[in-house]
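**Q** Have a look at this one.
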Amino acid sequence: MGSSKRKKKEKQKDFQKPKLKVGKPKPKPSNYTDTSFRSKAIVVNQQSLSVSAPSADSQFSHHLSLLSSKSETQRRESLAHLTTSVASRPVDSPLPQPVSMILPTVVPLLLDGSNGVRTQLLKFLRTLPESEIEDHAPQLLPYIRAGMTHLAADIRVSAVEALSWLVELAGSEVVSCAGGWIKTLNCFLSLLGWHTEESAKWSSNRSSFGKAGSEGKPMVKALHTLAEFLRAGIGKEEDDDEEMEDIDEQNGESSIFPLDQTVMQNMIPSKSGPYAYLNLFGQPRDAEGEMYETREDRYRVFSEKFRIPIERGVENARKEGGDVGRASAAVAKVLREATSAS
Amino acid sequence: MGKRKLGALEKVEADLPNLQQKIRRDPKSYVEDFRAQYYQYESHREIFMAAPSSSTEAGIISLRDLIDFISHVADCYPDITKEFPQQLIEMLTQHHTLLEPELREKIVGSLVLLRKKDIIDSVTYDTPAIVSICSLADLVLCGGSLLNTLFPILVSTPSKTLRELLFQKILSDLRASNAKATNHKLNRTMQTVLFNLVTSDRTSSKGLWAIKLTRELWKRQIWTDAKAVEIMKEASLADNEKVIVGGIRFFLGGDKEREEMEDESSDEDVIDVGRVKHQLGVNKKSGKKLRQVEKAVATVKKRERRKKQPHILNFSALHLLHDSQGFAENLFSKHLQNTKSKLNLEQRLLVLQLVSRLVGLHKLTLMHLYSYFQKFLTPRQPSVTSFLASLAQATHNLVPPDVLEPLVQKIANEFVSEAAAAEVASAGLNAIREICARQPLAMNETLLQDLVLYRKSKDKGVMMAARSLLALYREVGPEMLKPRDRGKEAAMSLQSGEKKEIRFGEEAPGEIKGLELLEKWKEEERRKKRREKGLPSDAEDEDEDEDEEAGWANWEVEEDDSDDSGGWIDVESDAEIEISDSDDDEPPSKKAKKETENEENENDDNQANGVEKEGETEEKSVSKLATTRILTPADLAKLAELRSQAKVTSLLPGSKSKRVQQAAQAHANRHIDDPLTAEEIEGFAALSKGKMTREEKIAHAKENKTDRSEFKSKAARKKQRKEEQGKSLTNREKARKKNVLMTLGKAKKKGKRSLVETRRVLKLHHERQKRGGRLGNRG
């Protein structure tokens, strides 16, 4: 009995009104939290007291620096901001910062863990002026290759997308830069699982390890990109382009008629790093990292190393039918053209 | 088709450890995955090589993870990873200054891992690479091997953490390659490298690494040869102070360190196999527990095997020196006499200690050394006791007395006077005693008699020091003392003419210690036997033969190898009988006189042993014993026993005064290799400091009361033991400590129980007790 009395009292307590007395401080409620604190000094680290809003340029560089932020939403939103600011700038006005400054911070995001960031990155890359990308292809390629062999399937897919974008823009640069031909083809082979005979069989479990991608049909995308890549490297049209260029050049030469061939050689070269193939300052390259600048070179290497596995792979893919089979037909077509051209 | 359930690990996007584990199990099926990761690594490497200083954190997988992964499974795919080690080495050697610490550490670790997997070598021998690398000017990269890579970086890197890591890795690699058997080839190469490192540039401090490595390996008894000592010798003759001090300290302390290390390793925590096995029976059985037991048994067996192994006799560094005379001279002229040398006093003292130790140990002749001491022998000189100790250490019986005499005189004048403080006087007297113990001729009669007078001093320290000097001269040169100071024994021996004057350069012929004891014992045994047989005790007999046989047979039993020892026993024992026959009836020869002298030098031993002086004939036969017959193992065992017995009897209270005993003991405990320290010179100075304060007294008293567990009660001791063994309380203890409130309910009810209930409870309780508690012992 005693305990129940006590409980009753306690219950009653909650509903009693606190008595207020004159000259005494108001009693604190029971859920009162003391928020005061003691400190020797209060330091305000940085305070932005500028009245005017930050300029577009400074915002751009600020967001560029935020790309290495820990939170993925922050990265994605910064990228989005960059994309809009690049896309919405007045026509023919230069970028807020040169591409050579932007790329080194942007490119590592190709290997970012979050899907959103990568898709946003592709969007951003597409907004960049096409003419300037060409010179930076060698810089982009290692990241793309790293993405193509990544353990996570999603990253592989977006890397393939990035590669197809790059090939579209600067195909000849991609296939002829240092390591661009053999290494990239190697990555394709391991991406498709075509390296050895047994792994290329349709019954073997390809890309067996790691999480399967959420975006479907990675195989189809990879095959399409491979076709594009091969066309850029050893395809016939590419040859035509070069010939056309040659003709253009000849025309140009003839247009500045009084100057002869020797003068042309001494003029400022049209592409960046014209003597890169000499490799004066870099590490000595091995066969894989070598530059293969002409179609003949590339074709020779291709027929030595890659023709057999790729043909085998294409054959197997064709047998598989469906989307994959159709995609493999494109590759097969490029291969046929290449053999007939040489 | 239902949705497949994903394992926790599969959900992770990029799980290299998981892949690594799968590859380990089945390398063949995962070759494509590995190849993809290898390409990934290559592209990352490319990115990295383009800008080595920039961060390598890209996305979820970093270069570090990839390197780790590949090096772990590299042995599964040797053809794919052919270039991998070389690439790592390149990365490290070219960019070790720029790399992030974590990546750098990972690369070093991976290289060590590859070495463990035998993918790369420790050292490439065919090229003189490592030697040329150590010229440090240019880091030539050649050969893919661990030490070739790590060592040059160790010497050249500015990062402290990296140096520590590399040093540790190099050391562990050297230890690992010497673990099973000594890898002479590797050791030789490494020693050559270190030697070149020290000698190539004497002014640089890089030699310090050679010293650290050598010292560590010396400590662990991996390097015990003259080559290692040679490295240290070169180091102590370097121009850089740090290197010099490192080398010198090695000679002064390296061997002691080695001994301590050995002691430490020998008394590791003892594993009680029985207990471990018992615990396995009691506790829940699991694979882990079983493995623990197996491991414990294996370690115990290993330790026993190690114990049974013959003790390896390692020479101390000072004995392994080639050309110690040249070394001492160089040290002295380069660091001490040279006015341009930049060493400070402390470092000079170290050098002086080493030089004087070399001189004392190898009995070198270095005349300048003694005159060098002259100017330091004043009480105002800082750390003068170290100088005194060094001087005493540098004295040996081949130093001309006329070189030492002025020094002794100077010590006496400067230190030992009524005006000097008591500590100073006692230190001076001690130093003089130490010098004279090594070269008694350094003292002249008048000075000695003056100094001995200090034994009447009121100060205890001075008095003790003077007395010990007196005791010394009673033994070595009583004729120099005044007749009344000589003491009974010395005076008697002087009168009987046993004591002979010591002459300069005289060397006592060596002999086996305690051999005369053995001889005497044998003689007694023979007499006893003959007496039992009723024969005259002095005559010759054939039964010695039997003794011999027994002695050799005994050896067989002890050693447990009876394979081929039987063959040569017979032959030897035949020869012995003849010789031992001729032994005893050989008439005393003219050599007797020399023998006596010999005895005199030894006679402090004899006195201490409390052995009676034997007749001249016997003395002669003593020395003959070792030369004429081969001692059987039984003899040697007996010899050791007699020696220890003699030592014990000499320490018995009756035989000598306490002071002499102590002195004898101190003398006996002292090894020729041990250095003489400043503390020994200061010795009695503590006595003359005056009275202790109360606090000091309490501290002093507490010092001796470390553990008083023997005075604790039996119960307390038991409790302590249980605690140490990690056991919990007994049930009774638990019951006693139980909270009262928890027991209240039962107590309340207990009074109201009916008789039937009480009976039931009691019965249950009784049964439970029989069974041994709730859980029970059986079933």
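Naming works like this for the structure tokens: A, B, ... for the chains as they're shown, residue 1 at the start of each chain, ligands 1 onward in shown order.
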Do you know which residues are at most 10 Å from Met232 (chain B) counting only C-alpha atoms, after dropping those on the same chain fewer than 6 positions away, and could you put them as a list in words?
**A**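 Here the qualifying residues turn out to be Leu194, Phe195, Val198, Gly207, Ala210, Ile211, Thr214, Arg215, Ala226, Ala238, Val243, Ile244, Gly246, Gly247, Ile248, Arg249, Phe250, Phe251, Ala317 and Leu321 of chain B.
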**Q** May I have the residues within 8 Å of region 81-93 of chain A as a PyMOL selection string, using only C-alpha atoms and disregarding those fewer than 6 positions away in the same chain?
**A** chain A and resi 60+63-64+123-124+127-128
**Q** Looking at only C-alpha atoms, which of A:Gly116, A:Gly322, A:Pro54, A:Gly179 is the one that sits closest to chain B?
**A**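 Counting only C-alpha atoms, the residue closest to chain B is A:Gly179.
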**Q** Select, as a PyMOL selection string, those residues of chain A with any atom no more than 7 Å from chain B (distances computed using only C-alpha atoms).
**A** chain A and resi 108-109+111-113+142-143+145-146+149-152+187+190+193+207+209-211
**Q** Please produce a file of those selected residues containing all heavy atoms, as a tab-separated table (two decimals), in the first residue's frame.
**A**
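Heads up, here's the output in out.tsv:
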```tsv
chain	number	residue	atom	x	y	z
A	108	PRO	N	40.29	12.87	-61.70
A	108	PRO	CA	40.24	11.77	-60.73
A	108	PRO	C	38.82	11.34	-60.36
A	108	PRO	O	38.62	10.22	-59.90
A	108	PRO	CB	40.96	12.33	-59.51
A	108	PRO	CG	41.89	13.31	-60.06
A	108	PRO	CD	41.20	13.92	-61.23
A	109	LEU	N	37.84	12.20	-60.61
A	109	LEU	CA	36.46	11.84	-60.27
A	109	LEU	C	35.92	10.74	-61.18
A	109	LEU	O	34.86	10.19	-60.91
A	109	LEU	CB	35.56	13.07	-60.37
A	109	LEU	CG	35.84	14.14	-59.31
A	109	LEU	CD1	34.89	15.28	-59.47
A	109	LEU	CD2	35.69	13.55	-57.93
A	111	LEU	N	37.03	7.97	-61.21
A	111	LEU	CA	37.09	6.77	-60.37
A	111	LEU	C	36.28	6.94	-59.11
A	111	LEU	O	36.43	6.16	-58.16
A	111	LEU	CB	38.55	6.47	-60.02
A	111	LEU	CG	39.48	6.34	-61.21
A	111	LEU	CD1	40.91	6.20	-60.74
A	111	LEU	CD2	39.08	5.15	-62.03
A	112	ASP	N	35.42	7.95	-59.08
A	112	ASP	CA	34.66	8.22	-57.87
A	112	ASP	C	33.68	7.08	-57.58
A	112	ASP	O	33.19	6.42	-58.49
A	112	ASP	CB	33.89	9.52	-58.05
A	112	ASP	CG	33.43	10.06	-56.72
A	112	ASP	OD1	32.41	9.56	-56.21
A	112	ASP	OD2	34.12	10.94	-56.19
A	113	GLY	N	33.43	6.90	-56.31
A	113	GLY	CA	32.58	5.78	-55.93
A	113	GLY	C	31.10	5.99	-56.21
A	113	GLY	O	30.36	5.03	-56.36
A	142	PRO	N	45.00	7.61	-68.81
A	142	PRO	CA	45.29	6.71	-67.70
A	142	PRO	C	44.12	6.54	-66.74
A	142	PRO	O	43.85	5.44	-66.27
A	142	PRO	CB	46.46	7.38	-66.99
A	142	PRO	CG	47.10	8.19	-68.02
A	142	PRO	CD	46.03	8.64	-68.94
A	143	TYR	N	43.40	7.64	-66.49
A	143	TYR	CA	42.26	7.55	-65.58
A	143	TYR	C	41.16	6.70	-66.19
A	143	TYR	O	40.53	5.89	-65.51
A	143	TYR	CB	41.73	8.94	-65.25
A	143	TYR	CG	42.62	9.68	-64.30
A	143	TYR	CD1	43.59	10.55	-64.76
A	143	TYR	CD2	42.50	9.46	-62.94
A	143	TYR	CE1	44.42	11.21	-63.88
A	143	TYR	CE2	43.32	10.13	-62.05
A	143	TYR	CZ	44.28	11.00	-62.52
A	143	TYR	OH	45.10	11.64	-61.66
A	145	ARG	N	41.57	4.35	-68.37
A	145	ARG	CA	41.99	2.95	-68.34
A	145	ARG	C	41.84	2.36	-66.96
A	145	ARG	O	41.39	1.23	-66.79
A	145	ARG	CB	43.45	2.84	-68.79
A	145	ARG	CG	43.62	2.88	-70.29
A	145	ARG	CD	44.94	2.27	-70.67
A	145	ARG	NE	46.06	3.04	-70.16
A	145	ARG	CZ	46.66	4.01	-70.83
A	145	ARG	NH1	46.25	4.32	-72.05
A	145	ARG	NH2	47.66	4.68	-70.32
A	146	ALA	N	42.20	3.17	-65.93
A	146	ALA	CA	42.04	2.68	-64.56
A	146	ALA	C	40.57	2.39	-64.29
A	146	ALA	O	40.24	1.40	-63.64
A	146	ALA	CB	42.56	3.71	-63.58
A	149	THR	N	39.25	-0.97	-65.79
A	149	THR	CA	39.61	-2.22	-65.12
A	149	THR	C	39.21	-2.20	-63.66
A	149	THR	O	39.70	-2.99	-62.87
A	149	THR	CB	41.12	-2.46	-65.23
A	149	THR	OG1	41.78	-1.29	-64.81
A	149	THR	CG2	41.51	-2.81	-66.63
A	150	HIS	N	38.38	-1.26	-63.30
A	150	HIS	CA	38.03	-1.13	-61.89
A	150	HIS	C	37.21	-2.32	-61.41
A	150	HIS	O	36.54	-2.99	-62.19
A	150	HIS	CB	37.23	0.16	-61.69
A	150	HIS	CG	37.38	0.72	-60.32
A	150	HIS	ND1	36.65	0.26	-59.27
A	150	HIS	CD2	38.18	1.69	-59.83
A	150	HIS	CE1	36.98	0.92	-58.19
A	150	HIS	NE2	37.92	1.79	-58.50
A	151	LEU	N	37.28	-2.57	-60.11
A	151	LEU	CA	36.53	-3.70	-59.55
A	151	LEU	C	35.03	-3.45	-59.60
A	151	LEU	O	34.26	-4.38	-59.79
A	151	LEU	CB	36.95	-3.91	-58.10
A	151	LEU	CG	37.98	-4.98	-57.82
A	151	LEU	CD1	38.18	-5.10	-56.34
A	151	LEU	CD2	37.53	-6.31	-58.39
A	152	ALA	N	34.65	-2.20	-59.42
A	152	ALA	CA	33.22	-1.90	-59.40
A	152	ALA	C	32.72	-1.77	-60.83
A	152	ALA	O	33.27	-1.02	-61.64
A	152	ALA	CB	32.97	-0.61	-58.64
A	187	CYS	N	43.12	-3.20	-71.86
A	187	CYS	CA	42.03	-2.95	-70.91
A	187	CYS	C	40.71	-3.45	-71.49
A	187	CYS	O	39.90	-4.03	-70.76
A	187	CYS	CB	41.92	-1.47	-70.59
A	187	CYS	SG	43.27	-0.91	-69.58
A	190	SER	N	40.52	-7.18	-71.09
A	190	SER	CA	40.21	-7.67	-69.75
A	190	SER	C	38.81	-7.26	-69.33
A	190	SER	O	38.16	-7.96	-68.57
A	190	SER	CB	41.26	-7.19	-68.76
A	190	SER	OG	40.93	-5.94	-68.29
A	193	GLY	N	36.79	-9.72	-70.99
A	193	GLY	CA	37.16	-11.07	-70.61
A	193	GLY	C	37.60	-11.91	-71.80
A	193	GLY	O	37.24	-13.08	-71.91
A	207	SER	N	33.83	-11.38	-66.14
A	207	SER	CA	33.89	-10.36	-65.08
A	207	SER	C	33.20	-10.91	-63.83
A	207	SER	O	32.21	-10.38	-63.35
A	207	SER	CB	33.31	-9.03	-65.51
A	207	SER	OG	32.12	-9.22	-66.20
A	209	PHE	N	34.09	-11.29	-60.74
A	209	PHE	CA	34.22	-10.77	-59.38
A	209	PHE	C	33.67	-9.35	-59.29
A	209	PHE	O	33.60	-8.62	-60.27
A	209	PHE	CB	35.67	-10.78	-58.95
A	209	PHE	CG	35.81	-10.55	-57.50
A	209	PHE	CD1	35.60	-11.57	-56.60
A	209	PHE	CD2	36.09	-9.29	-57.02
A	209	PHE	CE1	35.69	-11.34	-55.26
A	209	PHE	CE2	36.18	-9.07	-55.68
A	209	PHE	CZ	35.99	-10.09	-54.80
A	210	GLY	N	33.30	-8.98	-58.12
A	210	GLY	CA	32.84	-7.62	-57.89
A	210	GLY	C	31.35	-7.53	-58.09
A	210	GLY	O	30.68	-8.42	-58.60
A	211	LYS	N	30.80	-6.40	-57.69
A	211	LYS	CA	29.36	-6.21	-57.73
A	211	LYS	C	28.92	-6.00	-59.17
A	211	LYS	O	29.54	-5.26	-59.93
A	211	LYS	CB	29.03	-4.99	-56.90
A	211	LYS	CG	27.58	-4.88	-56.55
A	211	LYS	CD	27.41	-3.58	-55.78
A	211	LYS	CE	25.96	-3.21	-55.75
A	211	LYS	NZ	25.78	-1.87	-55.25
```
**Q** Any idea what the distance is between CA of Ile310 (chain A) and CA of Asp323 (chain A)?
**A** 17.8 Å
**Q** Quick check for you: according to DSSP on this backbone, which residues of region 255-328 of chain B are classed as alpha helix (DSSP H)? Reply as a ChimeraX atom specification.
**A** /B:255-266,273-282,287-308,324-328
**Q** Quote the spacing between CA of Thr446 (chain B) and CA of Glu489 (chain B) in Å to one decimal place.
**A**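 Interatomic distance, CA of Thr446 (chain B) to CA of Glu489 (chain B): 22.3 Å.
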**Q** Would you list the contacts of Gly325 (chain A) as an MDAnalysis selection string, taking every protein, DNA or RNA residue within 12 Å and counting only C-alpha atoms, but skipping same-chain residues closer than 3 positions in sequence?
**A** chainID A and resid 202 219:220 223:224 313:322 328:332
**Q** Just checking: using only C-alpha atoms, which residue out of A:Val106, A:Ala276, A:Ala41, A:Ala153 ends up closest to Asp135 (chain A)?
**A**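 Ranked by minimum distance to Asp135 (chain A), first place goes to A:Ala276.
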**Q** Do a neighbour search on Val73 (chain B) at 9 Å with only C-alpha atoms, toss out local chain neighbours closer than 4 positions, and write the hits as a list of chain:residue names.
**A**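 The residues satisfying every condition are B:Gln20, B:Ile23, B:Arg24, B:Pro27, B:Phe34, B:Asp68, B:Phe69, B:Tyr77.
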**Q** Enter the distance from CA of Glu290 (chain A) to CA of Leu141 (chain A), in Å, rounded to one decimal.
**A**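 Distance reported for this atom pair: 14.0 Å.
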**Q** Quick one: residues within 8 Å of region 154-168 of chain B, only C-alpha atoms, excluding same-chain residues fewer than 5 positions away - as a compact mmCIF listing (two decimals) with all heavy atoms, in the first residue's frame?
**A**
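To be explicit, this is the file written out as result.txt:
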```txt
# COMPACT_ATOMS: atom_id res chain seq x y z
N HIS B 96 61.55 8.62 -53.24
CA HIS B 96 61.29 8.41 -51.82
C HIS B 96 61.19 9.71 -51.04
O HIS B 96 60.62 9.73 -49.95
CB HIS B 96 62.33 7.48 -51.21
CG HIS B 96 63.72 8.03 -51.22
ND1 HIS B 96 64.18 8.80 -50.20
CD2 HIS B 96 64.71 7.92 -52.12
CE1 HIS B 96 65.44 9.15 -50.49
NE2 HIS B 96 65.77 8.63 -51.63
N THR B 97 61.72 10.77 -51.59
CA THR B 97 61.61 12.03 -50.86
C THR B 97 60.24 12.67 -51.02
O THR B 97 59.80 13.45 -50.18
CB THR B 97 62.67 13.03 -51.33
OG1 THR B 97 62.68 13.00 -52.76
CG2 THR B 97 64.03 12.67 -50.80
N PRO B 101 53.96 9.49 -46.85
CA PRO B 101 54.51 8.51 -45.91
C PRO B 101 53.81 7.15 -45.97
O PRO B 101 54.46 6.12 -45.91
CB PRO B 101 54.28 9.17 -44.56
CG PRO B 101 54.15 10.60 -44.83
CD PRO B 101 53.65 10.76 -46.22
N ARG B 104 54.76 5.24 -49.06
CA ARG B 104 56.17 4.87 -48.95
C ARG B 104 56.31 3.64 -48.05
O ARG B 104 56.99 2.67 -48.39
CB ARG B 104 56.89 6.05 -48.32
CG ARG B 104 58.33 6.10 -48.54
CD ARG B 104 58.83 7.43 -48.10
NE ARG B 104 58.47 7.73 -46.72
CZ ARG B 104 58.66 8.91 -46.15
NH1 ARG B 104 59.18 9.90 -46.83
NH2 ARG B 104 58.34 9.12 -44.90
N GLU B 105 55.61 3.70 -46.95
CA GLU B 105 55.67 2.59 -46.02
C GLU B 105 55.15 1.31 -46.68
O GLU B 105 55.71 0.24 -46.50
CB GLU B 105 54.78 2.93 -44.83
CG GLU B 105 55.38 2.59 -43.51
CD GLU B 105 54.64 3.29 -42.41
OE1 GLU B 105 53.67 2.71 -41.93
OE2 GLU B 105 55.02 4.43 -42.07
N VAL B 108 57.70 -0.16 -49.05
CA VAL B 108 58.76 -0.86 -48.32
C VAL B 108 58.25 -2.20 -47.80
O VAL B 108 58.89 -3.24 -47.97
CB VAL B 108 59.27 0.01 -47.15
CG1 VAL B 108 60.24 -0.78 -46.30
CG2 VAL B 108 59.94 1.25 -47.67
N LEU B 136 76.99 6.94 -52.41
CA LEU B 136 75.96 7.90 -52.04
C LEU B 136 75.80 9.05 -53.01
O LEU B 136 74.77 9.69 -53.06
CB LEU B 136 76.24 8.54 -50.67
CG LEU B 136 76.45 7.56 -49.54
CD1 LEU B 136 76.83 8.31 -48.32
CD2 LEU B 136 75.20 6.78 -49.33
N LYS B 206 77.27 9.37 -41.94
CA LYS B 206 76.56 8.21 -42.49
C LYS B 206 77.06 6.92 -41.87
O LYS B 206 76.34 5.93 -41.82
CB LYS B 206 76.77 8.12 -44.00
CG LYS B 206 76.59 9.42 -44.72
CD LYS B 206 75.19 9.56 -45.24
CE LYS B 206 75.08 10.84 -46.02
NZ LYS B 206 73.77 11.33 -46.21
N TRP B 209 75.10 4.54 -39.45
CA TRP B 209 74.21 3.43 -39.79
C TRP B 209 74.97 2.12 -39.76
O TRP B 209 74.44 1.11 -39.31
CB TRP B 209 73.56 3.67 -41.14
CG TRP B 209 72.61 4.78 -41.04
CD1 TRP B 209 72.75 6.04 -41.53
CD2 TRP B 209 71.40 4.79 -40.30
NE1 TRP B 209 71.70 6.82 -41.16
CE2 TRP B 209 70.85 6.07 -40.40
CE3 TRP B 209 70.73 3.84 -39.55
CZ2 TRP B 209 69.66 6.42 -39.79
CZ3 TRP B 209 69.55 4.19 -38.95
CH2 TRP B 209 69.03 5.46 -39.08
N LEU B 213 73.83 -0.90 -37.26
CA LEU B 213 73.55 -2.25 -37.77
C LEU B 213 74.50 -3.27 -37.14
O LEU B 213 74.08 -4.31 -36.64
CB LEU B 213 73.73 -2.28 -39.28
CG LEU B 213 72.47 -2.13 -40.12
CD1 LEU B 213 72.84 -2.18 -41.57
CD2 LEU B 213 71.50 -3.24 -39.79
```
**Q** Counting only C-alpha atoms, figure out which residue out of B:Val245, B:Ile502, B:Ala412, B:Val282 gets nearest to Ala431 (chain B).
**A**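 So, comparing all the options, the nearest one is B:Ala412.
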